[in-house]
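*Asks:* One structure is given below, represented as structure tokens, and several questions about it will come after.
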Amino acid sequence: MSTIGTSVPRKEAPNKVTGRARYTNDINIPGTLSAVVVPAHRAHGKILSIDTSEAKKVPGVKAIVIGDDLSVLTGDVTQDRPPLAKDKVRYWGEPVALVIARDESIARRAAALVNVRIKPLPVVNSIPDSLADNAPLVHEKNGDYTVATPPVSPKKKSNLADQANVKKGDVEKGLKASDVKVQVHVSLPQIDHAAMEPRVAKAEILADGRVLIHASTQAPFEVQKLVAQYFNLKPGQVIVTAPLIGGAFGGKAAIQLELLAYIASKAVGGQMVKIANTREEDLTMSPLGLGLEADITLGATKDGRIQAANMKFYLDIGAYTDSAPRIARAIAAQCTGPYHVANVHTDVFCVYTNHTYTTAFRGFGHMPMTFAVERAVDELAQALKMDPLEFRRKNAIDIDNMTPTKARLTRSNLGDLPACLNEMERLIGWQGGEVQAVGPHRVRAQGVAAFWKTSSSPPNAVSGAIITMNSDGSVNLSTGAVEFGPGTKTTAAMILAEKLRIPLDRVYVHEDVNTSVNPEHWKTVASLSTYMVGRAVLDAANDLLQQLLNLAAIVLRCSPDDLDYGNEHVFVRDDPHISIKFSDLALGYKYQEGDSIGGQLMGRGRFMIRHLNLLDQETGHGKPGPAWTVGVQAVEVEYDQETHQYRVLKAATVLDAGRVINPQVATGQVMGGMNMGIGVASREGVHYDPNGTFLNPQFRSYKVMRMGEQPQQYLVEFVQTPQMDSPYGARPLGEHAVLAIGAALANALSRAANTPLNTLPITPEMIWQQRRERR
Amino acid sequence: MIVHPFDYYRPDTLKAALAIHEELAREGRHPIYYGGGTEILTRSRLNEGRFDAVIDLKNIPETRQHGTDRGQYRFGAGVRLTELASEDLWPFLTATADRIADHTTRGQITLGGNLLSTLPYREAILPFLLTDSSTADVAGKHGVQSRALRDIYDQKLNLKPGEFLVSVTVDGQEAKGMAFRSYKMTRQDWIDYPLVTIAVARREDGSIRAAFSGWANYPFTSSHVNHILSETSRSARDRAARAVSSMPHQALTDIHGSREYREFVTQYTLTNILKELEASQ
């Protein structure tokens with residue numbers, strides 16, 4: 001009996017499909033007050049006055065807080081963001097005031113009566129705007145803010161919030177040695193995470209001083225730490241709970257509403273206050289995914305070997321820094337994509353603009369980065385007149401190569417890209433990159449792109465697991481990772497079931513996370529839960545097994561070394577008839593005479609990331625993550641040369657999963673990733689008008705893929721090259737299917753339309769425009 | 001969420017609806033007539049649209065009429081768009097109205113609500129604009145008056161304060177006598193506002209009429225453009241190009257598409273429609 005490798009539904013699935021699953025906003029305690037923000041309707045301006053007198057007259061309003069009432073500045077890396085705008089506003093939709101009232105409708109009515117007078121300032125509305133000489137400054141104090149977690153390298157009196165770089169070899173020499181060079185400029189808009197559940201947080205301050213926070217967050221332990229830090233509390237005083245989460249995609253790793261909920265509760269004497277984003281607020285006020293402009297130069301010899309990469313990435317991080325410096329370093333560290341390039345020089349700039357601020361987005365910067373690199377790689381293959389898949393195979397990074405940051409690659413820490421490329425060739429029926437006519441004005445084309453990603457996690461990230469036994473010998477599993485869809489808890493339970501040699505339904509998972517009950521897990525991000533939680537679970541299982549064997553040894557009058565286990569029994573290895581059930585040991589063993597020994601058995605386990613380091617600020621050298629997941633994605637499109645409309649016929653992913661723990665869930669995760677990536681590449685993007693006004697704050701105008709708009713076929717295959725230090729060899733795969741599918745689409749359409757398409761989203765208008773400009 | 005309190009009225013007769021409106025207006029209130037409510041809800045989310053009372057017209061039998069009446073097709077203002085499609089009394093109207101919003105929303109949106117929408121699209125008006133016989137039946141001070149659509153449509157249906165739309169009609173013979181095409185062209189998605197929705201009728205005498213939504217801030221037809229499209233001695237492509245350059249106003253530029261792209265899309269769509277209509281002769 002083995003659980004690993006079998007398709008099982010997620011533990012929470014029955015409650016989800018019957019509508020019984022409870023999310024943060026489903027759990028409401030009578031008497032909870034409601035907080036609503038007053039948003040700025042200017043993208044950049046000086047706050048002249050905030051008149052709350054009319055709003056305060058609305059019956060049921062309890063308090064109104066404005067930026068001047070607070071002194072705290074917040075930020076994951078650089079502390080540059082006031083929870084409520086102070087002195088000036090820096091993006092359209094930024095919270096300017098917080099109205100707390102008996103219920104949401106009262107609060108909204110009152111919020112509409114708060115009169116905010118803002119003197120407009122020139123708007124920094126794009127990356128070029130921001131980098132221009134004498135550009136207006138988004139932050140006059142840039143460079144003087146407190147840095148909470150280095151490294152970060154802001155430039156004073158500029159809009160550069162940070163700068164990271166990586167140097168390897170000699171890029172000038174590499175370009176000189178190249179017979180063919182390509183230069184590609186790409187431009188991608190900011191995008192929204194578009195989780196089904198908008199962000200929500202509740203807070204109350206108990207009479208004994210404890211602070212309870214309930215939030216839709218990927219980072220409950222981070223919320224605990226930062227709330228304590230910002231508001232001078234002891235970490236143990238702050239208790240954060242996160243129930244099931246309705247999609248996150250990185251957007252719920254940022255901390256925003258939790259702070260507003262605490263501020264609101266404090267303003268009303270500690271009563272519980274809820275703040276729940278509308279969809280409009282979730283889009284405009286809460287952080288987005290970053291925009292990108294990049295200049296990529298690649299050179300190769302005529303036999304098709306990449307010699308050099310010279311790259312500049314400019315990130316539109318919006319008005320505040322949040323996690324941008326970490327993302328910048330992740331981009332720098334993986335900047336070549338999964339290719340061996342001896343000579344690399346890459347600069348990554350975090351650029352402040354008067355756009356909504358940004359945070360992590362599924363892929364942690366690797367999605368826009370991969371788009372830029374893979375467009376350039378495809379252009380290079382075309383310039384060399386080589387099959388783009390073959391060109392990638394030729395340059396695929398492999399063991400004994402070094403990453404751009406000179407991290408060493410081994411068979412364990414690097415997936416097998418050539419194997420993935422081989423499998424893709426078969427899976428999609430690769431046609432060598434040739435465009436085929438299928439009717440008047442209609443052609444079919446395929447595009448391919450490859451990706452790699454590591455975690456870019458802090459070097460001290462931790463995880464833990466606690467197992468307790470029930471009287472029937474079943475077990476309860478408690479971990480600190482939240483559940484937002486990818487089956488994190490189920491995977492942890494499968495790993496435990498496998499180790500204890502028990503059926504999966506004998507493992508009960510603790511679905512909610514409570515920072516005062518569950519062991520700490522850094523953050524549920526970076527596709528690391530299987531690896532980190534899994535390792536902690538194995539550690540806890542070993543601890544529990546040792547206790548089971550030790551207690552059984554006493555009862556069975558032998559050495560623990562003589563014992564083995566299985567089928568929920570501990571037995572003597574050479575005579576399995578001498579055995580005892582788990583259930584007779586679970587809560588201690590009771591002798592026939594009635595006296596008992598042992599007590600409840602409980603396993604505890606922990607895991608800490610090892611051998612990582614922060615990248616050197618000068619050279620960028622260092623090890624950014626434990627392992628690199630690699631994969632290949634491809635699409636087949638049908639394109640109308642007259643209207644420039646297109647359909648995606650097939651979208652395919654081959655990913656080295658190390659070991660597939662739950663095929664059904666893994667396949668679903670990859671299909672979902674492709675769907676998201678194709679949505680981003682084909683229709684998504686925030687529109688700002690010349691004044692920086694956010695023009696599409698609803699799903700009727702911010703378009704995501706709808707049912708029926710997906711490709712005709714999604715194809716998924718896994719290569720399995722085990723990662724030796726990961727549970728059962730499994731490699732991270734949660735985020736990865738978004739990474740290169742957009743580039744694959746652009747590569748296919750660039751061939752079909754015979755025009756480089758380097759701007760997202762690729763709408764028919766964009767193709768039409770590019771072809772016009774080219775003529 | 002609609003955050004401000006408002007009164008809800010559901011009169012059973014035309015007279016009662018008018019009386020409620022009149023009384024509320026006299027009291028200085030801001031009543032609005034209510035069909036499907038989708039726009040009231042979505043605008044309220046953005047703090048747009050001021051009202052403190054809604055008068056639901058769907059319980060009035062006249063607004064729910066839907067059928068043939070002495071050779072006329074009659075469509076009540078309170079008929080849902082999904083009902084228009086399932087009844088399919090006038091396929092041209094179905095083809096146009098069934099591309100508005102999504103199916104769930106069409107189950108709420110009423111014909112009257114779409115025709116009097118505050119959004120610039122109001123695609124359901126397009127087929128009516130291409131007929132000579134269409135009327136709008138309007139309830140007002142003097143009871144229900146049947147007015148020729150062309151007399152009260154100028155960028156929008158012009159109703160006087162307090163009046164409301166009861167139904168629209170078209171002559172069955174005229175409706176049946178024209179071949180039609182209705183295409184909604186969007187930026188990328190099946191469900192989206194139109195870059196341009198083009199409804200084209202080829203009438204029994206062979207003349208062509210076209211109406212457009214999304215091109216400008218209101219739906220329109222143009223006799224000049226219709227004249228160009230009817231010059232069948234010229235090629236479809238040529239007529240479409242001339243039509244696009246002869247529109248009464250410039251195309252919009254907005255988040256859905258630029259002016260130039262709207263022109264491009266309109267031109268090829270019109271070309272295809274003309275070819276299709278004339279091939280099926």
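Simple scheme: letters A, B, ... for chains in structure tokens order, numbers from 1 for residues in each chain, numbers from 1 for ligands in the order shown.
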Can you work out which residues from chain B touch chain A at a cut-off of 12 Å (counting only C-alpha atoms) and hand them back as an MDAnalysis selection string?
*Replies:* chainID B and resid 1:5 42:48 101:102 105 185:195 253:269 271:272
*Asks:* Which polymer residues have any atom within 12 Å of an atom of Arg774 in chain A, counting only C-alpha atoms, with same-chain residues fewer than 3 positions away left out, as a VMD selection string?
*Replies:* chain A and resid 753 to 757 767 to 771
*Asks:* Residues of range 59-154 of chain B that have any atom at most 10 Å from an atom of range 215-237 of chain B: could you tabulate them with the shortest-distance atom pair and the distance in Å to one decimal, using only C-alpha atoms, ordered by chain and increasing number, as CSV?
*Replies:*
```
residue,atom,partner,partner_atom,distance
B:Thr118,CA,B:Tyr218,CA,9.8
B:Leu119,CA,B:Asn217,CA,8.3
B:Pro120,CA,B:Asn217,CA,4.8
B:Tyr121,CA,B:Tyr218,CA,6.2
B:Arg122,CA,B:Pro219,CA,6.9
B:Glu123,CA,B:Pro219,CA,7.1
B:Ala124,CA,B:Pro219,CA,9.5
B:Ile125,CA,B:Pro219,CA,7.5
B:Leu126,CA,B:Pro219,CA,6.9
B:Leu129,CA,B:Thr221,CA,6.7
B:Leu130,CA,B:Thr221,CA,7.4
B:Tyr153,CA,B:Phe220,CA,9.4
B:Asp154,CA,B:Phe220,CA,8.5
```
*Asks:* Would you kindly return, as a ChimeraX atom specification, each protein, DNA or RNA residue with an atom no farther than 6 Å from any atom of range 57-60 of chain B, considering only C-alpha atoms and excluding same-chain residues fewer than 2 positions away?
*Replies:* /B:12-13,62-63,78
*Asks:* Give me the residues near Asp87 in chain A as an mmCIF file with C-alpha atoms, in the first residue's frame, where near means some atom within 7 Å (using only C-alpha atoms) and where sequence neighbours in that chain fewer than 2 positions away do not count.
*Replies:*
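And here's around15.cif as it stands now:
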```cif
data_model
loop_
_atom_site.group_PDB
_atom_site.id
_atom_site.type_symbol
_atom_site.label_atom_id
_atom_site.label_comp_id
_atom_site.auth_asym_id
_atom_site.auth_seq_id
_atom_site.Cartn_x
_atom_site.Cartn_y
_atom_site.Cartn_z
ATOM 1 C CA LYS A 46 -0.392 66.880 -1.709
ATOM 2 C CA ILE A 47 -3.103 66.389 0.871
ATOM 3 C CA ALA A 85 -1.673 58.266 3.173
#
```
*Asks:* Report, in Å to a single decimal, how far apart CA of Pro690 in chain A and CA of Pro761 in chain A are.
*Replies:*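 Taking CA of Pro761 in chain A and CA of Pro690 in chain A, their separation equals 19.4 Å.
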*Asks:* As a VMD selection string, please: the residues near Val54 in chain B (cut-off 8 Å, only C-alpha atoms, same-chain neighbours under 6 positions excluded).
*Replies:* chain B and resid 6 to 9 31 to 34
*Asks:* With only C-alpha atoms as the counted atoms, please give the residues lying no more than 10 Å from Glu12 in chain A, apart from itself and same-chain residues fewer than 5 positions off, as a tab-separated table (two decimals) with N, CA and C atoms, in the first residue's frame.
*Replies:*
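Result file out34.tsv:
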```tsv
chain	number	residue	atom	x	y	z
A	17	VAL	N	-17.07	21.74	-2.33
A	17	VAL	CA	-18.06	21.56	-3.39
A	17	VAL	C	-19.49	21.58	-2.86
A	20	ARG	N	-19.82	24.18	2.12
A	20	ARG	CA	-19.69	24.20	3.58
A	20	ARG	C	-18.36	24.78	4.05
A	21	ALA	N	-17.41	24.91	3.15
A	21	ALA	CA	-16.11	25.45	3.55
A	21	ALA	C	-16.28	26.88	4.02
A	244	LEU	N	-9.45	28.65	5.60
A	244	LEU	CA	-9.28	28.41	4.17
A	244	LEU	C	-9.25	29.73	3.42
A	483	GLU	N	-4.04	26.93	3.56
A	483	GLU	CA	-4.58	26.22	2.39
A	483	GLU	C	-5.31	27.21	1.50
A	485	GLY	N	-5.68	26.43	-1.98
A	485	GLY	CA	-6.10	25.76	-3.21
A	485	GLY	C	-5.22	24.63	-3.71
A	487	GLY	N	-3.74	22.21	-2.39
A	487	GLY	CA	-3.74	20.93	-1.70
A	487	GLY	C	-2.56	20.74	-0.76
A	489	LYS	N	-2.36	20.90	2.46
A	489	LYS	CA	-2.64	20.06	3.63
A	489	LYS	C	-2.75	18.59	3.22
A	490	THR	N	-3.33	18.38	2.06
A	490	THR	CA	-3.50	17.00	1.59
A	490	THR	C	-2.14	16.37	1.31
A	509	VAL	N	-6.37	16.50	9.07
A	509	VAL	CA	-5.55	17.71	9.02
A	509	VAL	C	-6.27	18.86	9.71
A	511	GLU	N	-7.19	22.35	9.40
A	511	GLU	CA	-7.28	23.20	8.21
A	511	GLU	C	-6.88	24.64	8.47
```
*Asks:* Using only C-alpha atoms, can you tell me which of B:Ser182, B:Phe212, B:Gly35, B:Lys15 comes closest to Arg99 in chain B?
*Replies:*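 Among the listed residues, B:Ser182 lies closest to Arg99 in chain B.
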*Asks:* When DSSP is applied to the backbone of this structure, which of range 36-246 of chain B are assigned helix (DSSP H, G or I)? Write them out as a PyMOL selection string.
*Replies:* chain B and resi 38-45+61-64+81-87+91-97+103-106+111-115+125-129+149-152+172-176+223-229+236-245
*Asks:* For range 177-231 of chain A against range 63-83 of chain A, with a cut-off of 9 Å and counting only C-alpha atoms, what is the closest atom pair and its distance in Å to one decimal for every residue that makes the cut, ordered by chain and number, as a Markdown table?
*Replies:*
```
| residue | atom | partner | partner_atom | distance |
| --- | --- | --- | --- | --- |
| A:Leu226 | CA | A:Thr74 | CA | 8.6 |
| A:Tyr230 | CA | A:Val72 | CA | 6.4 |
| A:Phe231 | CA | A:Val72 | CA | 7.8 |
```
*Asks:* Write the residues of the selection above to a file with C-alpha atoms, as a short mmCIF file (atom, residue, chain, number, x, y, z; two decimals), in the first residue's frame.
*Replies:*
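Output file again.cif follows:
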```
data_model
loop_
_atom_site.label_atom_id
_atom_site.label_comp_id
_atom_site.auth_asym_id
_atom_site.auth_seq_id
_atom_site.Cartn_x
_atom_site.Cartn_y
_atom_site.Cartn_z
CA LEU A 226 4.95 42.77 11.85
CA TYR A 230 4.76 48.20 14.06
CA PHE A 231 2.53 48.71 17.10
#
```
*Asks:* Which neighbours of Glu87 in chain B fall inside 9 Å, counting only C-alpha atoms, when residues of the same chain fewer than 6 positions from it are skipped, and could you give them as a VMD selection string?
*Replies:* chain B and resid 66 to 67 94
*Asks:* Emit the selected residues as a PDB file, in the first residue's frame, including C-alpha atoms.
*Replies:*
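And here's again-v4.pdb as it stands now:
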```
ATOM      1  CA  HIS B  66     -44.283  39.845 -25.979  1.00  0.00           C
ATOM      2  CA  GLY B  67     -45.903  38.671 -29.222  1.00  0.00           C
ATOM      3  CA  THR B  94     -32.265  38.049 -30.928  1.00  0.00           C
TER       4      THR B  94
END
```
